$ cat my_file-v1.cif   # mmCIF, C-alpha atoms
data_data
loop_
_atom_site.group_PDB
_atom_site.id
_atom_site.type_symbol
_atom_site.label_atom_id
_atom_site.label_comp_id
_atom_site.auth_asym_id
_atom_site.auth_seq_id
_atom_site.Cartn_x
_atom_site.Cartn_y
_atom_site.Cartn_z
ATOM 1 C CA MET A 14 45.274 9.593 -3.455
ATOM 2 C CA LEU A 15 42.399 7.506 -2.136
ATOM 3 C CA ILE A 16 42.788 4.799 -4.771
ATOM 4 C CA ALA A 17 46.576 4.651 -4.325
ATOM 5 C CA GLU A 18 46.261 4.355 -0.543
ATOM 6 C CA ASN A 19 43.502 1.782 -0.910
ATOM 7 C CA ALA A 20 46.144 -0.616 -2.254
ATOM 8 C CA ARG A 21 47.998 -0.314 1.092
ATOM 9 C CA GLN A 22 45.009 -0.346 3.423
ATOM 10 C CA ASN A 23 41.388 -1.175 2.793
ATOM 11 C CA LEU A 24 39.844 2.312 2.894
ATOM 12 C CA ILE A 25 36.916 1.581 0.579
ATOM 13 C CA ALA A 26 35.596 -1.645 -0.911
ATOM 14 C CA ALA A 27 37.433 -2.451 -4.142
ATOM 15 C CA SER A 28 34.062 -3.069 -5.782
ATOM 16 C CA THR A 29 33.162 0.613 -5.297
ATOM 17 C CA ILE A 30 36.239 2.028 -7.062
ATOM 18 C CA PRO A 31 34.513 2.162 -10.484
ATOM 19 C CA THR A 32 31.765 4.310 -8.924
ATOM 20 C CA LEU A 33 34.096 6.279 -6.640
ATOM 21 C CA TRP A 34 32.865 9.679 -7.765
ATOM 22 C CA VAL A 35 29.159 9.101 -7.043
ATOM 23 C CA ARG A 36 29.391 6.444 -4.329
ATOM 24 C CA HIS A 37 31.924 8.255 -2.151
ATOM 25 C CA ILE A 38 32.841 11.771 -3.317
ATOM 26 C CA ALA A 39 29.449 13.172 -4.390
ATOM 27 C CA ASP A 40 27.752 11.232 -1.604
ATOM 28 C CA SER A 41 29.993 12.997 0.928
ATOM 29 C CA ALA A 42 29.756 16.410 -0.742
ATOM 30 C CA GLN A 43 25.962 16.398 -0.650
ATOM 31 C CA LEU A 44 26.051 16.751 3.132
ATOM 32 C CA LEU A 45 27.020 20.405 2.719
ATOM 33 C CA SER A 46 23.676 21.056 1.040
ATOM 34 C CA PHE A 47 21.840 19.780 4.125
ATOM 35 C CA ASP A 48 23.843 21.988 6.516
ATOM 36 C CA THR A 49 22.795 25.512 5.624
ATOM 37 C CA ARG A 50 22.854 27.071 9.105
ATOM 38 C CA HIS A 51 26.419 26.696 10.370
ATOM 39 C CA GLY A 52 28.713 28.239 7.786
ATOM 40 C CA ASP A 53 31.780 28.688 9.980
ATOM 41 C CA GLY A 54 31.433 26.553 13.109
ATOM 42 C CA LEU A 55 33.411 23.414 13.914
ATOM 43 C CA TRP A 56 32.439 20.319 11.934
ATOM 44 C CA ILE A 57 33.358 17.028 13.627
ATOM 45 C CA ASP A 58 33.467 13.903 11.468
ATOM 46 C CA LEU A 59 33.366 10.761 13.605
ATOM 47 C CA GLY A 60 35.170 7.637 12.447
ATOM 48 C CA SER A 61 36.615 9.453 9.451
ATOM 49 C CA GLY A 62 38.368 6.388 8.032
ATOM 50 C CA PRO A 63 39.267 7.362 4.460
ATOM 51 C CA GLY A 64 38.069 10.933 4.985
ATOM 52 C CA LEU A 65 34.499 10.351 3.920
ATOM 53 C CA PRO A 66 32.741 12.675 4.342
ATOM 54 C CA GLY A 67 35.171 14.840 6.349
ATOM 55 C CA LEU A 68 37.967 15.440 3.844
ATOM 56 C CA VAL A 69 35.519 15.965 0.992
ATOM 57 C CA VAL A 70 33.658 18.596 3.023
ATOM 58 C CA ALA A 71 36.983 20.201 4.002
ATOM 59 C CA ILE A 72 37.994 20.474 0.346
ATOM 60 C CA LEU A 73 34.710 22.239 -0.457
ATOM 61 C CA SER A 74 34.496 24.441 2.639
ATOM 62 C CA ALA A 75 36.895 26.474 4.774
ATOM 63 C CA ARG A 76 35.097 25.495 7.969
ATOM 64 C CA PRO A 77 37.228 24.122 10.786
ATOM 65 C CA MET A 78 37.105 20.319 10.475
ATOM 66 C CA LEU A 79 38.010 17.774 13.131
ATOM 67 C CA LEU A 80 38.482 14.265 11.752
ATOM 68 C CA VAL A 81 38.224 11.681 14.533
ATOM 69 C CA GLU A 82 39.825 8.336 13.756
ATOM 70 C CA SER A 83 41.445 5.804 16.084
ATOM 71 C CA ARG A 84 43.523 3.822 13.555
ATOM 72 C CA LYS A 85 47.066 5.153 13.071
ATOM 73 C CA LYS A 86 47.455 4.188 9.399
ATOM 74 C CA ARG A 87 44.205 5.917 8.539
ATOM 75 C CA CYS A 88 45.206 8.998 10.524
ATOM 76 C CA ASP A 89 48.529 9.086 8.686
ATOM 77 C CA PHE A 90 46.601 9.022 5.402
ATOM 78 C CA LEU A 91 44.208 11.772 6.536
ATOM 79 C CA ARG A 92 47.110 13.972 7.637
ATOM 80 C CA SER A 93 49.011 13.423 4.391
ATOM 81 C CA VAL A 94 45.982 14.346 2.259
ATOM 82 C CA ALA A 95 45.289 17.436 4.366
ATOM 83 C CA ALA A 96 48.941 18.499 4.048
ATOM 84 C CA GLU A 97 49.171 17.780 0.325
ATOM 85 C CA LEU A 98 45.981 19.756 -0.357
ATOM 86 C CA ASP A 99 47.002 22.529 2.079
ATOM 87 C CA LEU A 100 43.856 22.071 4.157
ATOM 88 C CA ARG A 101 45.079 24.044 7.174
ATOM 89 C CA HIS A 102 41.599 24.072 8.689
ATOM 90 C CA VAL A 103 41.698 20.271 9.128
ATOM 91 C CA GLU A 104 42.782 18.653 12.377
ATOM 92 C CA VAL A 105 43.087 14.905 12.858
ATOM 93 C CA ALA A 106 42.369 13.457 16.306
ATOM 94 C CA GLU A 107 44.105 10.084 16.468
ATOM 95 C CA ALA A 108 42.219 8.498 19.336
ATOM 96 C CA PRO A 109 39.042 6.693 20.220
ATOM 97 C CA LEU A 110 36.225 9.225 20.485
ATOM 98 C CA GLU A 111 36.080 8.706 24.252
ATOM 99 C CA ARG A 112 39.571 10.247 24.546
ATOM 100 C CA VAL A 113 39.057 13.240 22.248
ATOM 101 C CA GLU A 114 38.942 16.635 23.955
ATOM 102 C CA THR A 115 35.390 17.927 24.313
ATOM 103 C CA ARG A 116 34.517 21.002 22.288
ATOM 104 C CA PRO A 117 31.211 22.267 20.939
ATOM 105 C CA ALA A 118 30.379 21.208 17.393
ATOM 106 C CA ALA A 119 28.248 23.168 14.967
ATOM 107 C CA THR A 120 27.918 20.009 12.857
ATOM 108 C CA ILE A 121 28.539 16.338 13.573
ATOM 109 C CA SER A 122 28.726 13.762 10.811
ATOM 110 C CA ALA A 123 29.267 10.024 10.987
ATOM 111 C CA ARG A 124 29.212 7.568 8.119
ATOM 112 C CA ALA A 125 29.246 3.903 9.188
ATOM 113 C CA PHE A 126 30.598 4.784 12.641
ATOM 114 C CA ALA A 127 28.413 2.909 15.148
ATOM 115 C CA PRO A 128 24.784 2.037 15.841
ATOM 116 C CA LEU A 129 22.843 5.217 16.592
ATOM 117 C CA ASP A 130 22.382 4.697 20.329
ATOM 118 C CA ARG A 131 26.126 4.102 20.784
ATOM 119 C CA LEU A 132 27.016 6.996 18.467
ATOM 120 C CA PHE A 133 24.825 9.339 20.518
ATOM 121 C CA ASP A 134 26.182 8.082 23.842
ATOM 122 C CA LEU A 135 29.768 8.645 22.648
ATOM 123 C CA SER A 136 29.235 12.005 20.953
ATOM 124 C CA ALA A 137 26.656 13.696 23.206
ATOM 125 C CA ARG A 138 29.309 15.810 24.933
ATOM 126 C CA PHE A 139 30.174 17.547 21.638
ATOM 127 C CA SER A 140 26.586 18.601 20.939
ATOM 128 C CA THR A 141 24.844 21.872 21.778
ATOM 129 C CA GLU A 142 21.264 23.046 21.344
ATOM 130 C CA SER A 143 22.171 24.161 17.817
ATOM 131 C CA THR A 144 24.379 21.248 16.706
ATOM 132 C CA TYR A 145 23.389 19.969 13.296
ATOM 133 C CA TRP A 146 23.609 16.186 12.873
ATOM 134 C CA LEU A 147 24.212 14.654 9.417
ATOM 135 C CA LEU A 148 24.212 10.872 9.521
ATOM 136 C CA PRO A 149 24.201 8.958 6.210
ATOM 137 C CA LYS A 150 22.435 5.679 6.973
ATOM 138 C CA GLY A 151 21.837 3.884 3.696
ATOM 139 C CA ARG A 152 18.573 1.979 3.331
ATOM 140 C CA ASN A 153 17.811 1.587 7.032
ATOM 141 C CA ALA A 154 17.458 5.182 8.223
ATOM 142 C CA VAL A 155 13.729 4.963 8.941
ATOM 143 C CA LYS A 156 14.131 1.659 10.799
ATOM 144 C CA GLU A 157 17.093 2.918 12.827
ATOM 145 C CA LEU A 158 15.240 6.099 13.746
ATOM 146 C CA ALA A 159 12.184 4.109 14.862
ATOM 147 C CA LEU A 160 14.344 2.085 17.270
ATOM 148 C CA LEU A 161 15.537 5.162 19.145
ATOM 149 C CA PRO A 162 13.941 6.456 22.334
ATOM 150 C CA GLN A 163 11.258 9.104 21.703
ATOM 151 C CA PRO A 164 13.362 12.088 22.834
ATOM 152 C CA TRP A 165 15.942 11.255 20.167
ATOM 153 C CA GLN A 166 13.328 10.436 17.523
ATOM 154 C CA ARG A 167 11.823 13.917 17.877
ATOM 155 C CA MET A 168 15.167 15.559 17.078
ATOM 156 C CA PHE A 169 15.621 13.879 13.693
ATOM 157 C CA HIS A 170 14.004 13.456 10.325
ATOM 158 C CA VAL A 171 14.968 11.444 7.254
ATOM 159 C CA GLU A 172 16.173 13.085 4.032
ATOM 160 C CA GLN A 173 16.544 11.264 0.738
ATOM 161 C CA SER A 174 20.113 10.972 -0.528
ATOM 162 C CA ARG A 175 20.665 12.996 -3.678
ATOM 163 C CA THR A 176 23.204 10.507 -5.000
ATOM 164 C CA ASP A 177 21.552 7.142 -4.307
ATOM 165 C CA ALA A 178 17.841 6.424 -4.572
ATOM 166 C CA ASP A 179 18.213 3.635 -2.012
ATOM 167 C CA SER A 180 20.019 5.711 0.622
ATOM 168 C CA GLN A 181 18.840 8.139 3.255
ATOM 169 C CA ILE A 182 20.373 10.613 5.676
ATOM 170 C CA LEU A 183 19.269 11.259 9.234
ATOM 171 C CA VAL A 184 19.257 15.012 9.776
ATOM 172 C CA GLY A 185 18.693 16.565 13.172
ATOM 173 C CA THR A 186 19.308 19.567 15.349
ATOM 174 C CA GLY A 187 20.016 19.756 19.043
ATOM 175 C CA LYS A 188 21.846 18.564 22.089
ATOM 176 C CA ILE A 189 21.883 14.861 22.736
ATOM 177 C CA ALA A 190 21.610 14.045 26.415
ATOM 178 C CA ALA A 191 24.073 11.254 27.181
ATOM 179 C CA LYS A 192 22.451 7.962 28.068
ATOM 180 C CA GLN A 193 19.083 9.537 27.282
ATOM 181 C CA ARG A 194 16.561 6.770 27.485
ATOM 182 C CA GLY A 195 12.847 6.904 27.283
ATOM 183 C CA LYS A 196 9.758 5.061 26.227
ATOM 184 C CA ARG A 197 9.450 4.292 22.555
#
$ encode --input "my_file-v1.cif" --output "structure tokens"
Amino acid sequence: MLIAENARQNLIAASTIPTLWVRHIADSAQLLSFDTRHGDGLWIDLGSGPGLPGLVVAILSARPMLLVESRKKRCDFLRSVAAELDLRHVEVAEAPLERVETRPAATISARAFAPLDRLFDLSARFSTESTYWLLPKGRNAVKELALLPQPWQRMFHVEQSRTDADSQILVGTGKIAAKQRGKR
């Protein structure tokens, strides 16, 4: 489905199609192994795009999944995949994150959504003291974490990706205070 739709809209880079399984599917699926504490709470995937990681997680788990995506064509694709695979626990929010109804998230994921400070400012209202954050960041996770204000730095640590030796995942727990700024 992903490859067929990729011919109509650029969901993933064509150069990554030969490594689709590891680069996108397994890379998304591994996030479940980092989220061991929230087996049935709402998972919100920000900027879902082609459904990575959100749809992959939804295929592997019956947890309620909210896929947030602002582009109509991508939302149409996400809805069609969810319907075809009978993923009744998946909801697609077709709107910019700022316009999505606030609800508490057990887990928040975002893959290539926005710089961390902007991501946190936009998504803070969905977080609680026990929200688990799973943020695949590629090679720059340590650098991106170091640029955050201290209160945010203390919430997160870096985990090595299990699918790519050059990639890392920011993992954290807690409520992000909107516009939280502090000394570095």
$ residues_around --input "my_file-v1.cif" --residues "segment 38-55 of chain A" --least-positions-apart "4" --cutoff "6 Å" --atoms "only C-alpha atoms" --output "PyMOL selection string"
chain A and resi 34+66+70+76-78+118-119+176
$ write_last_selection --input "my_file-v1.cif" --atoms "C-alpha atoms" --output "PDB file, in the frame of the given file"
ATOM      1  CA  TRP A  34      32.865   9.679  -7.765  1.00  0.00           C
ATOM      2  CA  PRO A  66      32.741  12.675   4.342  1.00  0.00           C
ATOM      3  CA  VAL A  70      33.658  18.596   3.023  1.00  0.00           C
ATOM      4  CA  ARG A  76      35.097  25.495   7.969  1.00  0.00           C
ATOM      5  CA  PRO A  77      37.228  24.122  10.786  1.00  0.00           C
ATOM      6  CA  MET A  78      37.105  20.319  10.475  1.00  0.00           C
ATOM      7  CA  ALA A 118      30.379  21.208  17.393  1.00  0.00           C
ATOM      8  CA  ALA A 119      28.248  23.168  14.967  1.00  0.00           C
ATOM      9  CA  THR A 176      23.204  10.507  -5.000  1.00  0.00           C
TER      10      THR A 176
END
$ residues_around --input "my_file-v1.cif" --residues "segment 149-158 of chain A" --least-positions-apart "5" --cutoff "12 Å" --atoms "only C-alpha atoms" --output "JSON, numbers by chain"
{"A": [36, 37, 40, 41, 42, 43, 44, 47, 58, 59, 65, 66, 121, 122, 123, 124, 125, 126, 127, 128, 129, 130, 163, 164, 165, 166, 167, 168, 169, 170, 171, 172, 173, 174, 175, 176, 177, 178, 179, 180, 181, 182, 183, 184, 185, 197]}
$ write_last_selection --input "my_file-v1.cif" --atoms "C-alpha atoms" --output "PDB file, in the frame of the given file"
ATOM      1  CA  ARG A  36      29.391   6.444  -4.329  1.00  0.00           C
ATOM      2  CA  HIS A  37      31.924   8.255  -2.151  1.00  0.00           C
ATOM      3  CA  ASP A  40      27.752  11.232  -1.604  1.00  0.00           C
ATOM      4  CA  SER A  41      29.993  12.997   0.928  1.00  0.00           C
ATOM      5  CA  ALA A  42      29.756  16.410  -0.742  1.00  0.00           C
ATOM      6  CA  GLN A  43      25.962  16.398  -0.650  1.00  0.00           C
ATOM      7  CA  LEU A  44      26.051  16.751   3.132  1.00  0.00           C
ATOM      8  CA  PHE A  47      21.840  19.780   4.125  1.00  0.00           C
ATOM      9  CA  ASP A  58      33.467  13.903  11.468  1.00  0.00           C
ATOM     10  CA  LEU A  59      33.366  10.761  13.605  1.00  0.00           C
ATOM     11  CA  LEU A  65      34.499  10.351   3.920  1.00  0.00           C
ATOM     12  CA  PRO A  66      32.741  12.675   4.342  1.00  0.00           C
ATOM     13  CA  ILE A 121      28.539  16.338  13.573  1.00  0.00           C
ATOM     14  CA  SER A 122      28.726  13.762  10.811  1.00  0.00           C
ATOM     15  CA  ALA A 123      29.267  10.024  10.987  1.00  0.00           C
ATOM     16  CA  ARG A 124      29.212   7.568   8.119  1.00  0.00           C
ATOM     17  CA  ALA A 125      29.246   3.903   9.188  1.00  0.00           C
ATOM     18  CA  PHE A 126      30.598   4.784  12.641  1.00  0.00           C
ATOM     19  CA  ALA A 127      28.413   2.909  15.148  1.00  0.00           C
ATOM     20  CA  PRO A 128      24.784   2.037  15.841  1.00  0.00           C
ATOM     21  CA  LEU A 129      22.843   5.217  16.592  1.00  0.00           C
ATOM     22  CA  ASP A 130      22.382   4.697  20.329  1.00  0.00           C
ATOM     23  CA  GLN A 163      11.258   9.104  21.703  1.00  0.00           C
ATOM     24  CA  PRO A 164      13.362  12.088  22.834  1.00  0.00           C
ATOM     25  CA  TRP A 165      15.942  11.255  20.167  1.00  0.00           C
ATOM     26  CA  GLN A 166      13.328  10.436  17.523  1.00  0.00           C
ATOM     27  CA  ARG A 167      11.823  13.917  17.877  1.00  0.00           C
ATOM     28  CA  MET A 168      15.167  15.559  17.078  1.00  0.00           C
ATOM     29  CA  PHE A 169      15.621  13.879  13.693  1.00  0.00           C
ATOM     30  CA  HIS A 170      14.004  13.456  10.325  1.00  0.00           C
ATOM     31  CA  VAL A 171      14.968  11.444   7.254  1.00  0.00           C
ATOM     32  CA  GLU A 172      16.173  13.085   4.032  1.00  0.00           C
ATOM     33  CA  GLN A 173      16.544  11.264   0.738  1.00  0.00           C
ATOM     34  CA  SER A 174      20.113  10.972  -0.528  1.00  0.00           C
ATOM     35  CA  ARG A 175      20.665  12.996  -3.678  1.00  0.00           C
ATOM     36  CA  THR A 176      23.204  10.507  -5.000  1.00  0.00           C
ATOM     37  CA  ASP A 177      21.552   7.142  -4.307  1.00  0.00           C
ATOM     38  CA  ALA A 178      17.841   6.424  -4.572  1.00  0.00           C
ATOM     39  CA  ASP A 179      18.213   3.635  -2.012  1.00  0.00           C
ATOM     40  CA  SER A 180      20.019   5.711   0.622  1.00  0.00           C
ATOM     41  CA  GLN A 181      18.840   8.139   3.255  1.00  0.00           C
ATOM     42  CA  ILE A 182      20.373  10.613   5.676  1.00  0.00           C
ATOM     43  CA  LEU A 183      19.269  11.259   9.234  1.00  0.00           C
ATOM     44  CA  VAL A 184      19.257  15.012   9.776  1.00  0.00           C
ATOM     45  CA  GLY A 185      18.693  16.565  13.172  1.00  0.00           C
ATOM     46  CA  ARG A 197       9.450   4.292  22.555  1.00  0.00           C
TER      47      ARG A 197
END
$ atom_distance --input "my_file-v1.cif" --atom1 "atom CA of Leu148 of chain A" --atom2 "atom CA of Ser93 of chain A"
25.5 Å
$ residues_around --input "my_file-v1.cif" --residues "Thr186 of chain A" --least-positions-apart "6" --cutoff "8 Å" --atoms "all atoms listed in the file" --output "NGL selection string"
:A and (142-146 or 168-169)
$ resolve_selection --input "my_file-v1.cif" --expression "the PyMOL selection byres ((chain A and resi 105) around 8)" --output "PyMOL selection string"
chain A and resi 79-82+88+91-92+103-104+106-107
$ closest_residue --input "my_file-v1.cif" --among "A:Arg112, A:Thr32, A:Ser61, A:Ile72" --to "Glu97 of chain A" --atoms "all atoms listed in the file"
A:Ile72
$ atom_distance --input "my_file-v1.cif" --atom1 "atom CA of Lys188 of chain A" --atom2 "atom CA of Asp134 of chain A"
11.5 Å
$ atom_distance --input "my_file-v1.cif" --atom1 "atom CA of Leu98 of chain A" --atom2 "atom CA of Glu111 of chain A"
28.7 Å
$ residues_near_point --input "my_file-v1.cif" --point "(25.5, 18.4, 20.5)" --cutoff "6 Å" --atoms "only C-alpha atoms" --output "list in words"
Ala137, Phe139, Ser140, Thr141, Thr144, Gly187, Lys188 and Ile189 of chain A
$ closest_residue --input "my_file-v1.cif" --among "A:Arg21, A:Pro109, A:Asp99, A:Phe90" --to "Gly64 of chain A" --atoms "all atoms listed in the file"
A:Phe90
$ decode --input "my_file-v1.cif" --residues "segment 68-182 of chain A" --atoms "C-alpha atoms" --output "mmCIF file, in the first residue's frame"
data_model
loop_
_atom_site.group_PDB
_atom_site.id
_atom_site.type_symbol
_atom_site.label_atom_id
_atom_site.label_comp_id
_atom_site.auth_asym_id
_atom_site.auth_seq_id
_atom_site.Cartn_x
_atom_site.Cartn_y
_atom_site.Cartn_z
ATOM 1 C CA LEU A 68 0.237 2.916 11.503
ATOM 2 C CA VAL A 69 3.002 0.384 12.099
ATOM 3 C CA VAL A 70 2.450 0.613 15.861
ATOM 4 C CA ALA A 71 -1.324 0.353 15.330
ATOM 5 C CA ILE A 72 -0.877 -2.836 13.305
ATOM 6 C CA LEU A 73 1.182 -4.369 16.125
ATOM 7 C CA SER A 74 -0.871 -3.093 19.065
ATOM 8 C CA ALA A 75 -4.552 -2.615 19.883
ATOM 9 C CA ARG A 76 -3.862 0.635 21.718
ATOM 10 C CA PRO A 77 -5.955 3.638 20.735
ATOM 11 C CA MET A 78 -3.918 5.572 18.150
ATOM 12 C CA LEU A 79 -4.417 9.168 17.066
ATOM 13 C CA LEU A 80 -2.589 10.035 13.849
ATOM 14 C CA VAL A 81 -2.195 13.803 13.501
ATOM 15 C CA GLU A 82 -1.568 15.022 9.969
ATOM 16 C CA SER A 83 -2.516 18.311 8.315
ATOM 17 C CA ARG A 84 -2.259 17.295 4.635
ATOM 18 C CA LYS A 85 -5.523 15.987 3.152
ATOM 19 C CA LYS A 86 -3.984 13.523 0.677
ATOM 20 C CA ARG A 87 -1.912 11.962 3.429
ATOM 21 C CA CYS A 88 -4.931 11.774 5.729
ATOM 22 C CA ASP A 89 -6.914 10.083 2.966
ATOM 23 C CA PHE A 90 -4.117 7.515 2.667
ATOM 24 C CA LEU A 91 -3.966 6.963 6.442
ATOM 25 C CA ARG A 92 -7.736 6.478 6.616
ATOM 26 C CA SER A 93 -7.755 4.060 3.683
ATOM 27 C CA VAL A 94 -4.993 1.913 5.211
ATOM 28 C CA ALA A 95 -6.720 1.891 8.600
ATOM 29 C CA ALA A 96 -10.003 0.868 6.945
ATOM 30 C CA GLU A 97 -8.437 -1.773 4.708
ATOM 31 C CA LEU A 98 -6.599 -3.332 7.664
ATOM 32 C CA ASP A 99 -9.655 -2.975 9.943
ATOM 33 C CA LEU A 100 -7.726 -0.881 12.458
ATOM 34 C CA ARG A 101 -10.778 0.401 14.335
ATOM 35 C CA HIS A 102 -8.604 1.769 17.130
ATOM 36 C CA VAL A 103 -7.027 4.307 14.738
ATOM 37 C CA GLU A 104 -8.336 7.847 14.418
ATOM 38 C CA VAL A 105 -6.963 10.380 11.954
ATOM 39 C CA ALA A 106 -7.000 14.060 12.929
ATOM 40 C CA GLU A 107 -6.820 16.057 9.705
ATOM 41 C CA ALA A 108 -5.646 19.392 11.047
ATOM 42 C CA PRO A 109 -2.596 21.284 12.167
ATOM 43 C CA LEU A 110 -1.677 20.164 15.677
ATOM 44 C CA GLU A 111 -2.734 23.547 17.059
ATOM 45 C CA ARG A 112 -6.350 22.758 16.086
ATOM 46 C CA VAL A 113 -6.511 19.182 17.386
ATOM 47 C CA GLU A 114 -8.691 18.633 20.452
ATOM 48 C CA THR A 115 -6.630 18.332 23.626
ATOM 49 C CA ARG A 116 -6.647 14.947 25.317
ATOM 50 C CA PRO A 117 -4.125 13.256 27.582
ATOM 51 C CA ALA A 118 -1.621 10.999 25.842
ATOM 52 C CA ALA A 119 0.043 7.979 27.383
ATOM 53 C CA THR A 120 2.614 8.081 24.569
ATOM 54 C CA ILE A 121 3.611 10.749 22.067
ATOM 55 C CA SER A 122 5.739 9.962 19.041
ATOM 56 C CA ALA A 123 7.036 12.229 16.308
ATOM 57 C CA ARG A 124 9.337 11.297 13.462
ATOM 58 C CA ALA A 125 10.663 14.274 11.474
ATOM 59 C CA PHE A 126 7.868 16.535 12.738
ATOM 60 C CA ALA A 127 9.553 19.753 13.914
ATOM 61 C CA PRO A 128 12.586 20.971 15.845
ATOM 62 C CA LEU A 129 12.318 19.841 19.463
ATOM 63 C CA ASP A 130 11.523 23.214 21.024
ATOM 64 C CA ARG A 131 8.669 23.771 18.550
ATOM 65 C CA LEU A 132 7.450 20.178 18.921
ATOM 66 C CA PHE A 133 7.291 20.602 22.702
ATOM 67 C CA ASP A 134 5.564 23.985 22.488
ATOM 68 C CA LEU A 135 2.903 22.535 20.161
ATOM 69 C CA SER A 136 2.354 19.242 21.978
ATOM 70 C CA ALA A 137 2.738 20.221 25.649
ATOM 71 C CA ARG A 138 -1.029 20.308 26.190
ATOM 72 C CA PHE A 139 -1.305 16.580 25.383
ATOM 73 C CA SER A 140 1.298 15.554 27.961
ATOM 74 C CA THR A 141 0.794 14.435 31.558
ATOM 75 C CA GLU A 142 3.233 13.555 34.325
ATOM 76 C CA SER A 143 3.309 9.993 32.980
ATOM 77 C CA THR A 144 3.374 10.665 29.219
ATOM 78 C CA TYR A 145 6.058 8.653 27.489
ATOM 79 C CA TRP A 146 7.855 10.469 24.660
ATOM 80 C CA LEU A 147 9.415 8.499 21.772
ATOM 81 C CA LEU A 148 11.188 10.754 19.308
ATOM 82 C CA PRO A 149 13.362 9.147 16.604
ATOM 83 C CA LYS A 150 16.046 11.728 15.833
ATOM 84 C CA GLY A 151 18.616 10.103 13.580
ATOM 85 C CA ARG A 152 22.253 11.035 14.142
ATOM 86 C CA ASN A 153 21.649 14.318 15.956
ATOM 87 C CA ALA A 154 19.758 13.243 19.074
ATOM 88 C CA VAL A 155 22.547 14.111 21.510
ATOM 89 C CA LYS A 156 23.112 17.511 19.881
ATOM 90 C CA GLU A 157 19.396 18.322 19.797
ATOM 91 C CA LEU A 158 18.994 17.325 23.435
ATOM 92 C CA ALA A 159 21.949 19.508 24.459
ATOM 93 C CA LEU A 160 20.299 22.549 22.849
ATOM 94 C CA LEU A 161 17.172 22.265 24.982
ATOM 95 C CA PRO A 162 16.614 24.196 28.199
ATOM 96 C CA GLN A 163 17.709 22.271 31.315
ATOM 97 C CA PRO A 164 14.186 21.395 32.507
ATOM 98 C CA TRP A 165 13.546 19.585 29.225
ATOM 99 C CA GLN A 166 17.006 18.002 29.121
ATOM 100 C CA ARG A 167 16.397 16.356 32.501
ATOM 101 C CA MET A 168 13.262 14.620 31.209
ATOM 102 C CA PHE A 169 14.983 12.799 28.345
ATOM 103 C CA HIS A 170 17.737 10.355 27.582
ATOM 104 C CA VAL A 171 19.095 8.959 24.325
ATOM 105 C CA GLU A 172 18.568 5.331 23.279
ATOM 106 C CA GLN A 173 20.388 3.668 20.412
ATOM 107 C CA SER A 174 18.178 2.652 17.496
ATOM 108 C CA ARG A 175 17.958 -1.109 17.133
ATOM 109 C CA THR A 176 17.637 -0.866 13.361
ATOM 110 C CA ASP A 177 20.297 1.701 12.434
ATOM 111 C CA ALA A 178 23.683 2.052 14.099
ATOM 112 C CA ASP A 179 23.759 5.731 13.135
ATOM 113 C CA SER A 180 20.340 6.617 14.561
ATOM 114 C CA GLN A 181 19.118 7.425 18.036
ATOM 115 C CA ILE A 182 15.805 7.920 19.798
#
